[in-house]
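Colleague: Here you go, model.txt (compact mmCIF, C-alpha atoms and all ligand atoms):
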# COMPACT_ATOMS: atom_id res chain seq x y z
CA MET A 1 11.89 14.25 -12.53
CA LYS A 2 10.70 17.03 -14.82
CA ASP A 3 7.12 18.19 -14.30
CA GLU A 4 6.06 17.26 -17.87
CA THR A 5 7.45 13.75 -17.43
CA LYS A 6 5.66 13.39 -14.11
CA TYR A 7 2.31 14.47 -15.55
CA GLU A 8 2.72 12.28 -18.62
CA LEU A 9 3.58 9.22 -16.56
CA PHE A 10 0.74 9.89 -14.16
CA ASN A 11 -1.80 10.26 -16.96
CA GLN A 12 -0.60 7.02 -18.56
CA ALA A 13 -0.64 5.17 -15.25
CA ARG A 14 -4.11 6.42 -14.40
CA GLN A 15 -5.52 5.38 -17.79
CA TRP A 16 -4.06 1.86 -17.58
CA ILE A 17 -5.14 1.41 -13.97
CA LEU A 18 -8.72 2.46 -14.76
CA GLU A 19 -8.77 0.05 -17.72
CA ALA A 20 -7.38 -2.75 -15.55
CA GLY A 21 -10.04 -1.99 -12.94
CA GLU A 22 -12.77 -2.26 -15.57
CA GLU A 23 -11.44 -5.69 -16.58
CA ILE A 24 -11.34 -6.82 -12.96
CA ARG A 25 -14.98 -5.76 -12.44
CA LYS A 26 -15.98 -7.73 -15.55
CA SER A 27 -14.01 -10.78 -14.39
CA LEU A 28 -16.16 -11.04 -11.26
CA ASP A 29 -19.03 -12.45 -13.33
CA LYS A 30 -16.91 -15.29 -14.70
CA PRO A 31 -15.24 -18.22 -12.95
CA TYR A 32 -11.58 -17.72 -12.07
CA GLN A 33 -8.95 -19.93 -10.53
CA VAL A 34 -7.79 -19.41 -6.94
CA ASP A 35 -4.39 -20.86 -5.95
CA THR A 36 -2.26 -20.59 -2.84
CA LYS A 37 1.35 -19.40 -2.61
CA LYS A 38 3.35 -19.74 0.65
CA ASP A 39 0.52 -21.15 2.77
CA ARG A 40 -3.22 -21.79 2.66
CA LYS A 41 -4.06 -18.17 3.54
CA ASP A 42 -1.74 -16.65 0.92
CA LEU A 43 -4.02 -16.48 -2.11
CA VAL A 44 -3.50 -15.61 -5.77
CA THR A 45 -5.98 -15.74 -8.64
CA ASP A 46 -5.83 -15.67 -12.42
CA VAL A 47 -7.13 -12.13 -12.16
CA ASP A 48 -4.08 -11.00 -10.13
CA LYS A 49 -1.82 -12.50 -12.80
CA GLN A 50 -3.74 -11.16 -15.79
CA THR A 51 -3.86 -7.68 -14.29
CA GLU A 52 -0.11 -7.60 -13.66
CA GLN A 53 0.56 -8.94 -17.16
CA PHE A 54 -1.66 -6.25 -18.66
CA LEU A 55 0.00 -3.43 -16.72
CA THR A 56 3.52 -4.73 -17.42
CA ARG A 57 2.79 -5.07 -21.12
CA GLN A 58 1.42 -1.53 -21.32
CA ILE A 59 4.37 -0.03 -19.44
CA LYS A 60 6.94 -1.89 -21.55
CA SER A 61 5.20 -0.98 -24.82
CA ILE A 62 5.61 2.75 -24.21
CA TYR A 63 8.58 2.83 -21.81
CA PRO A 64 10.82 -0.12 -22.73
CA HIS A 65 13.70 1.30 -20.67
CA HIS A 66 11.64 1.52 -17.46
CA LYS A 67 11.80 -1.37 -14.99
CA VAL A 68 8.77 -3.08 -13.47
CA MET A 69 8.72 -4.74 -10.04
CA GLY A 70 5.48 -6.70 -9.64
CA GLU A 71 4.22 -9.07 -6.98
CA GLU A 72 3.31 -11.89 -9.37
CA GLY A 73 6.65 -11.90 -11.17
CA PHE A 74 5.73 -10.69 -14.67
CA GLY A 75 8.01 -7.68 -14.38
CA ASP A 76 11.78 -7.57 -14.12
CA GLU A 77 14.15 -9.01 -11.54
CA VAL A 78 14.72 -5.63 -9.90
CA THR A 79 17.88 -5.40 -7.77
CA SER A 80 18.43 -1.65 -7.83
CA LEU A 81 16.23 1.44 -7.94
CA ASP A 82 18.37 3.19 -10.57
CA GLY A 83 16.37 4.77 -13.39
CA VAL A 84 12.58 4.67 -13.46
CA VAL A 85 10.96 1.74 -11.64
CA TRP A 86 7.23 0.99 -11.59
CA ILE A 87 6.30 -0.98 -8.45
CA VAL A 88 3.03 -2.79 -9.10
CA ASP A 89 0.57 -4.68 -6.94
CA PRO A 90 -2.15 -5.81 -9.39
CA ILE A 91 -4.60 -6.69 -6.62
CA ASP A 92 -3.84 -5.63 -3.07
CA GLY A 93 -6.25 -7.45 -0.80
CA THR A 94 -6.63 -10.68 -2.78
CA MET A 95 -8.40 -12.33 0.14
CA ASN A 96 -11.00 -9.55 0.06
CA PHE A 97 -11.27 -9.98 -3.72
CA VAL A 98 -11.97 -13.71 -3.30
CA ASN A 99 -14.19 -13.61 -0.19
CA GLN A 100 -15.88 -10.22 -0.47
CA GLN A 101 -15.62 -9.08 -4.10
CA ARG A 102 -14.76 -5.63 -2.75
CA ASN A 103 -12.22 -3.79 -0.57
CA PHE A 104 -9.25 -4.45 -2.83
CA ALA A 105 -7.09 -2.07 -4.83
CA ILE A 106 -4.62 -1.75 -7.67
CA SER A 107 -1.46 -0.07 -6.38
CA VAL A 108 1.25 1.47 -8.56
CA GLY A 109 4.22 3.52 -7.36
CA ILE A 110 6.66 5.15 -9.77
CA TYR A 111 10.18 5.81 -8.48
CA GLU A 112 13.11 7.58 -10.10
CA ASN A 113 16.55 6.75 -8.73
CA GLY A 114 14.89 5.62 -5.50
CA ALA A 115 12.76 8.73 -4.99
CA GLY A 116 8.99 8.29 -5.01
CA GLN A 117 7.43 10.47 -7.72
CA ILE A 118 3.91 9.15 -8.33
CA GLY A 119 1.65 6.92 -6.26
CA VAL A 120 -1.74 5.66 -7.46
CA ILE A 121 -4.15 3.48 -5.49
CA TYR A 122 -7.43 2.50 -7.12
CA ASP A 123 -10.26 1.11 -5.00
CA VAL A 124 -11.72 -0.90 -7.87
CA MET A 125 -15.25 -1.62 -6.67
CA ALA A 126 -15.83 1.77 -5.05
CA ASP A 127 -14.32 3.42 -8.16
CA VAL A 128 -12.21 5.74 -6.01
CA LEU A 129 -8.79 6.81 -7.26
CA TYR A 130 -6.22 8.09 -4.77
CA TYR A 131 -2.99 9.57 -6.02
CA GLY A 132 -0.04 11.60 -4.92
CA LEU A 133 2.53 13.43 -7.03
CA LYS A 134 5.78 14.48 -5.40
CA HIS A 135 5.60 18.15 -4.29
CA GLU A 136 2.04 18.45 -5.64
CA GLY A 137 -0.10 16.97 -2.94
CA ALA A 138 -2.43 14.03 -2.52
CA TYR A 139 -5.75 13.67 -4.31
CA LYS A 140 -8.91 11.60 -4.08
CA ASN A 141 -11.00 11.46 -7.27
CA GLY A 142 -9.28 14.61 -8.52
CA GLU A 143 -9.88 16.63 -5.35
CA ARG A 144 -7.01 17.73 -3.20
CA ILE A 145 -6.89 15.91 0.13
CA LYS A 146 -6.57 18.35 3.04
CA ARG A 147 -3.22 18.14 4.81
CA LEU A 148 -3.38 16.09 8.02
CA ASP A 149 -4.12 17.91 11.25
CA HIS A 150 -0.85 17.69 13.14
CA ASN A 151 -2.48 18.05 16.55
CA ARG A 152 -4.01 14.58 16.66
CA LYS A 153 -4.01 12.96 20.09
CA LEU A 154 -3.37 9.25 20.49
CA GLU A 155 -6.46 8.81 22.66
CA ASP A 156 -8.65 10.16 19.83
CA ALA A 157 -6.97 8.04 17.15
CA LEU A 158 -8.19 5.13 15.05
CA ILE A 159 -5.38 2.68 14.30
CA GLY A 160 -5.31 0.14 11.46
CA MET A 161 -3.81 -3.18 12.46
CA ASN A 162 -4.53 -6.85 11.83
CA SER A 163 -5.63 -9.62 14.15
CA PHE A 164 -2.13 -11.10 14.54
CA TRP A 165 -1.56 -8.36 17.08
CA SER A 166 -4.06 -9.85 19.47
CA VAL A 167 -2.40 -13.26 19.66
CA PRO A 168 1.08 -14.03 20.95
CA ASN A 169 3.66 -13.59 18.21
CA ARG A 170 7.39 -13.96 17.92
CA ARG A 171 8.24 -10.45 16.70
CA LEU A 172 6.45 -8.17 19.14
CA ASP A 173 5.84 -7.70 22.82
CA GLU A 174 2.06 -8.08 22.64
CA THR A 175 1.43 -6.67 26.14
CA LYS A 176 2.60 -3.28 24.80
CA ILE A 177 0.24 -3.60 21.85
CA HIS A 178 -2.61 -4.40 24.21
CA GLN A 179 -1.83 -1.15 26.06
CA LEU A 180 -1.97 0.70 22.72
CA ILE A 181 -5.32 -0.90 21.89
CA ARG A 182 -6.69 0.25 25.26
CA LYS A 183 -5.27 3.76 24.82
CA VAL A 184 -6.63 4.61 21.37
CA ARG A 185 -10.25 5.35 20.47
CA GLY A 186 -10.46 2.28 18.23
CA THR A 187 -8.76 -0.15 15.88
CA ARG A 188 -9.65 -1.13 12.33
CA SER A 189 -8.61 -3.94 10.00
CA TYR A 190 -9.36 -3.52 6.31
CA GLY A 191 -7.28 -6.30 4.70
CA SER A 192 -5.67 -4.14 2.03
CA ALA A 193 -2.43 -2.41 2.96
CA ALA A 194 -2.79 -0.02 0.02
CA LEU A 195 -6.25 1.09 1.13
CA GLU A 196 -5.03 1.52 4.73
CA PHE A 197 -2.33 3.88 3.43
CA ALA A 198 -4.97 5.77 1.45
CA TYR A 199 -7.14 6.03 4.58
CA VAL A 200 -4.20 7.40 6.58
CA ALA A 201 -3.63 10.00 3.85
CA GLU A 202 -7.31 10.87 3.92
CA GLY A 203 -7.22 11.14 7.72
CA ILE A 204 -10.01 8.62 8.34
CA ILE A 205 -7.56 6.47 10.26
CA ASP A 206 -4.55 7.98 12.01
CA ALA A 207 -2.03 5.16 11.70
CA TYR A 208 -1.55 1.75 10.15
CA ILE A 209 0.95 -0.63 11.73
CA THR A 210 2.03 -3.96 10.32
CA MET A 211 5.03 -6.22 10.71
CA ARG A 212 5.85 -7.42 7.21
CA LEU A 213 5.05 -5.81 3.88
CA ALA A 214 6.67 -6.09 0.46
CA PRO A 215 7.62 -3.05 -1.66
CA TRP A 216 4.50 -3.41 -3.86
CA ASP A 217 2.25 -3.22 -0.79
CA VAL A 218 3.63 0.19 0.19
CA ALA A 219 5.25 1.86 -2.85
CA ALA A 220 2.26 3.98 -3.85
CA GLY A 221 1.00 4.48 -0.32
CA VAL A 222 4.13 6.08 1.10
CA ILE A 223 4.02 8.78 -1.59
CA ILE A 224 0.33 9.55 -1.09
CA VAL A 225 0.70 9.64 2.71
CA GLU A 226 3.75 11.90 2.51
CA GLU A 227 1.97 14.29 0.16
CA ALA A 228 -0.91 14.47 2.63
CA GLY A 229 1.49 15.44 5.42
CA GLY A 230 1.96 11.98 6.93
CA VAL A 231 5.04 9.90 7.62
CA THR A 232 6.04 6.27 6.97
CA THR A 233 8.91 4.37 8.63
CA GLN A 234 9.81 0.90 9.80
CA ALA A 235 8.33 -0.03 13.19
CA ASN A 236 11.61 1.02 14.85
CA GLY A 237 11.47 4.47 13.25
CA HIS A 238 14.15 3.79 10.64
CA PRO A 239 13.58 4.63 6.97
CA ILE A 240 12.09 1.87 4.83
CA ASP A 241 14.01 0.10 2.07
CA MET A 242 12.02 -0.22 -1.18
CA LEU A 243 13.99 -3.33 -2.23
CA GLN A 244 13.14 -5.34 0.91
CA THR A 245 10.23 -6.41 3.07
CA ASN A 246 9.76 -3.94 5.93
CA SER A 247 7.81 -3.57 9.12
CA ILE A 248 5.66 -0.49 8.65
CA ILE A 249 4.13 2.31 10.61
CA THR A 250 2.47 4.93 8.45
CA CYS A 251 0.72 7.69 10.32
CA ASN A 252 -0.06 11.20 11.31
CA PRO A 253 3.30 12.64 12.48
CA SER A 254 1.80 13.88 15.72
CA ILE A 255 1.51 10.31 17.05
CA HIS A 256 4.43 8.64 15.25
CA ARG A 257 7.10 8.92 17.96
CA GLU A 258 4.65 8.25 20.77
CA ILE A 259 3.55 4.94 19.22
CA ILE A 260 7.09 3.80 18.42
CA ASP A 261 8.63 4.80 21.75
CA GLY A 262 5.72 3.83 23.95
CA TYR A 263 4.05 0.83 22.41
CA ILE A 264 6.15 -1.04 19.86
CA LYS A 265 8.71 -3.27 21.47
CA LEU A 266 10.33 -5.83 19.20
CA LYS A 267 11.39 -9.10 20.79
CA PRO A 268 15.03 -10.00 20.30
CA ILE A 269 15.29 -12.46 17.39
P1 LIG A 301 -1.99 -8.95 -1.05
O1 LIG A 301 -3.44 -9.10 -0.97
O2 LIG A 301 -1.50 -8.23 -2.27
O3 LIG A 301 -1.23 -10.25 -0.87
C1 LIG A 301 -3.56 -8.19 4.15
O4 LIG A 301 -3.53 -7.93 5.52
C2 LIG A 301 -2.59 -7.23 3.48
O5 LIG A 301 -1.24 -7.72 3.66
C3 LIG A 301 -2.78 -7.13 1.99
O6 LIG A 301 -2.40 -5.85 1.61
C4 LIG A 301 -1.86 -8.20 1.47
O7 LIG A 301 -1.49 -7.98 0.13
C5 LIG A 301 -0.68 -8.02 2.39
N1 LIG A 301 0.20 -9.17 2.49
C6 LIG A 301 1.56 -9.10 2.42
N2 LIG A 301 2.10 -10.31 2.53
C7 LIG A 301 1.09 -11.19 2.67
C8 LIG A 301 1.00 -12.63 2.83
N3 LIG A 301 2.09 -13.41 2.86
N4 LIG A 301 -0.21 -13.20 2.95
C9 LIG A 301 -1.31 -12.43 2.89
N5 LIG A 301 -1.28 -11.09 2.76
C10 LIG A 301 -0.12 -10.47 2.65
CA CA A 302 -0.36 -11.63 -2.46
CA CA A 303 -0.27 -6.46 -1.54
CA CA A 304 -1.31 -8.53 -4.50
Can you give me the file's structure in the form of structure tokens?
Modeller:
Amino acid sequence: MKDETKYELFNQARQWILEAGEEIRKSLDKPYQVDTKKDRKDLVTDVDKQTEQFLTRQIKSIYPHHKVMGEEGFGDEVTSLDGVVWIVDPIDGTMNFVNQQRNFAISVGIYENGAGQIGVIYDVMADVLYYGLKHEGAYKNGERIKRLDHNRKLEDALIGMNSFWSVPNRRLDETKIHQLIRKVRGTRSYGSAALEFAYVAEGIIDAYITMRLAPWDVAAGVIIVEEAGGVTTQANGHPIDMLQTNSIITCNPSIHREIIDGYIKLKPI
């Protein structure tokens, strides 16, 4: 992607995301509808839908030939990453939005022919904008994020993971995970995949591990983490596929192999 195109798209994306964030903050004062999707813990609100509709409409009005892949289905049926694809999560951390009215983000990744070019994650209530532009680094509120220290030790690390790891589950050998929990300095659970990616980029956590995320949960994050000097793969170390759900480990490269080889053991399906 040409530099001018990248800057133009980024400036557009940033403006729309900030506007959408303003609308979301206003919506907190009014009643909104909460529905469930796959199960009782899988929430969606009118605000998720309205935000995705707003972003899709803006994108299509200026870039009718670009494709949009959005969680709530207002974009296109995207089956290939050819051309320019915007991958949109209107609210990442809907449960936090509903229960906490904070700790949620808008996440937008822009890909060209499968290559991540621009990632933007907006922590709406904190008014903090993280972004990464391919080959140009990662930024937080306009300030360059320092590249990750590649001498991090696992025993000094903070690891983002959710509570499913502490109960028996069908995908993972949990005894290995318990060893990891004992080994590291601490674990954290923020409830927004996008924000956990941003925190890995920022270096305030050293890894985030999760078993099942959709493209819109990770599209922006992988770009920002990479531009900060981090790495993102599936839990088995293989590259992720932006058209599928993936298991995810995003982290400081100095502990990537050690976590995968030493502590993540998938059960045979
Ligand atoms: P969401 O809020 O956009 O649905 C919560 O641990 C994190 O996992 C959030 O980033 C959430 O995104 C994501 N997630 C992915 N699939 C989910 C599901 N089926 N139910 C709840 N959260 C899910
Ligand atoms: Ca959701
Ligand atoms: Ca999400
Ligand atoms: Ca969402």
Colleague: If we count only C-alpha atoms and set the cut-off at 10 Å, which residues sit around Leu129 in chain A, ignoring sequence neighbours fewer than 2 positions away in its own chain? Please answer as a PDB file with C-alpha atoms, keeping the file's coordinate frame.
Modeller:
ATOM      1  CA  ARG A  14      -4.110   6.420 -14.400  1.00  0.00           C
ATOM      2  CA  ILE A  17      -5.140   1.410 -13.970  1.00  0.00           C
ATOM      3  CA  LEU A  18      -8.720   2.460 -14.760  1.00  0.00           C
ATOM      4  CA  ALA A 105      -7.090  -2.070  -4.830  1.00  0.00           C
ATOM      5  CA  ILE A 106      -4.620  -1.750  -7.670  1.00  0.00           C
ATOM      6  CA  VAL A 120      -1.740   5.660  -7.460  1.00  0.00           C
ATOM      7  CA  ILE A 121      -4.150   3.480  -5.490  1.00  0.00           C
ATOM      8  CA  TYR A 122      -7.430   2.500  -7.120  1.00  0.00           C
ATOM      9  CA  ASP A 123     -10.260   1.110  -5.000  1.00  0.00           C
ATOM     10  CA  VAL A 124     -11.720  -0.900  -7.870  1.00  0.00           C
ATOM     11  CA  ALA A 126     -15.830   1.770  -5.050  1.00  0.00           C
ATOM     12  CA  ASP A 127     -14.320   3.420  -8.160  1.00  0.00           C
ATOM     13  CA  TYR A 131      -2.990   9.570  -6.020  1.00  0.00           C
ATOM     14  CA  TYR A 139      -5.750  13.670  -4.310  1.00  0.00           C
ATOM     15  CA  LYS A 140      -8.910  11.600  -4.080  1.00  0.00           C
ATOM     16  CA  ASN A 141     -11.000  11.460  -7.270  1.00  0.00           C
ATOM     17  CA  GLY A 142      -9.280  14.610  -8.520  1.00  0.00           C
ATOM     18  CA  ALA A 198      -4.970   5.770   1.450  1.00  0.00           C
TER      19      ALA A 198
END
Colleague: Name the residues, by chain letter and number, that sit within 7 Å of ligand CA 303 (chain A) using only C-alpha atoms and all ligand atoms, and give them as a compact mmCIF listing (two decimals) with C-alpha atoms, in the coordinates of the input.
Modeller:
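Dumped everything to result33.txt:
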# COMPACT_ATOMS: atom_id res chain seq x y z
CA ASP A 89 0.57 -4.68 -6.94
CA ILE A 91 -4.60 -6.69 -6.62
CA ASP A 92 -3.84 -5.63 -3.07
CA GLY A 93 -6.25 -7.45 -0.80
CA SER A 192 -5.67 -4.14 2.03
CA ALA A 193 -2.43 -2.41 2.96
CA TRP A 216 4.50 -3.41 -3.86
CA ASP A 217 2.25 -3.22 -0.79
Colleague: Go through A:Lys49, A:His65, A:Lys26, A:Lys41 and flag the residue nearest ligand CA 304 (chain A), using only C-alpha atoms and all ligand atoms for the distances.
Modeller: A:Lys49
Colleague: Compile the contact shell of Gly229 in chain A as a CSV table (one decimal) with C-alpha atoms, keeping the file's coordinate frame: residues with an atom at most 9 Å away, counting only C-alpha atoms, same-chain residues fewer than 4 positions apart removed.
Modeller:
chain,number,residue,atom,x,y,z
A,137,GLY,CA,-0.1,17.0,-2.9
A,138,ALA,CA,-2.4,14.0,-2.5
A,146,LYS,CA,-6.6,18.4,3.0
A,147,ARG,CA,-3.2,18.1,4.8
A,148,LEU,CA,-3.4,16.1,8.0
A,149,ASP,CA,-4.1,17.9,11.2
A,150,HIS,CA,-0.8,17.7,13.1
A,201,ALA,CA,-3.6,10.0,3.8
A,224,ILE,CA,0.3,9.6,-1.1
A,225,VAL,CA,0.7,9.6,2.7
A,252,ASN,CA,-0.1,11.2,11.3
A,253,PRO,CA,3.3,12.6,12.5
Colleague: Return as an NGL selection string every polymer residue, whether protein, DNA or RNA, with at least one atom no more than 10 Å from an atom of ligand LIG 301 (chain A); count all atoms listed in the file.
Modeller: :A and (36-44 or 48 or 71-72 or 88-98 or 104-107 or 161-164 or 189-197 or 210-218 or 245)
Colleague: When you look at Thr79 in chain A with a cut-off of 10 Å (counting only C-alpha atoms), what residues show up, excluding the ones that are within fewer than 5 positions of it in the same chain? I need them as a list in words.
Modeller: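 Within the cut-off, the hits are Met69, Leu243 and Gln244 of chain A.
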Colleague: Rounded to one decimal, what separation in Å do you get between CA of Arg257 in chain A and CA of Ile181 in chain A?
Modeller: 16.3 Å
Colleague: Of the candidates A:Asn11, A:Asn151, A:Leu158, A:Thr45, which shows the shortest atom-to-atom distance to ligand CA 302 (chain A), using all atoms listed in the file?
Modeller: A:Thr45
Colleague: Tell me, as JSON, numbers by chain, which residues lie within 8 Å of Ala20 in chain A, counting all atoms listed in the file; anything in the same chain fewer than 2 positions away does not count.
Modeller: {"A": [16, 17, 18, 22, 23, 24, 51, 54, 55]}
Colleague: A:Val47, A:Ile249, A:Ala207, A:Leu172: which is nearest ligand CA 302 (chain A), counting only C-alpha atoms and all ligand atoms?
Modeller: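 Nearest candidate to ligand CA 302 (chain A) out of A:Val47, A:Ile249, A:Ala207, A:Leu172: A:Val47.
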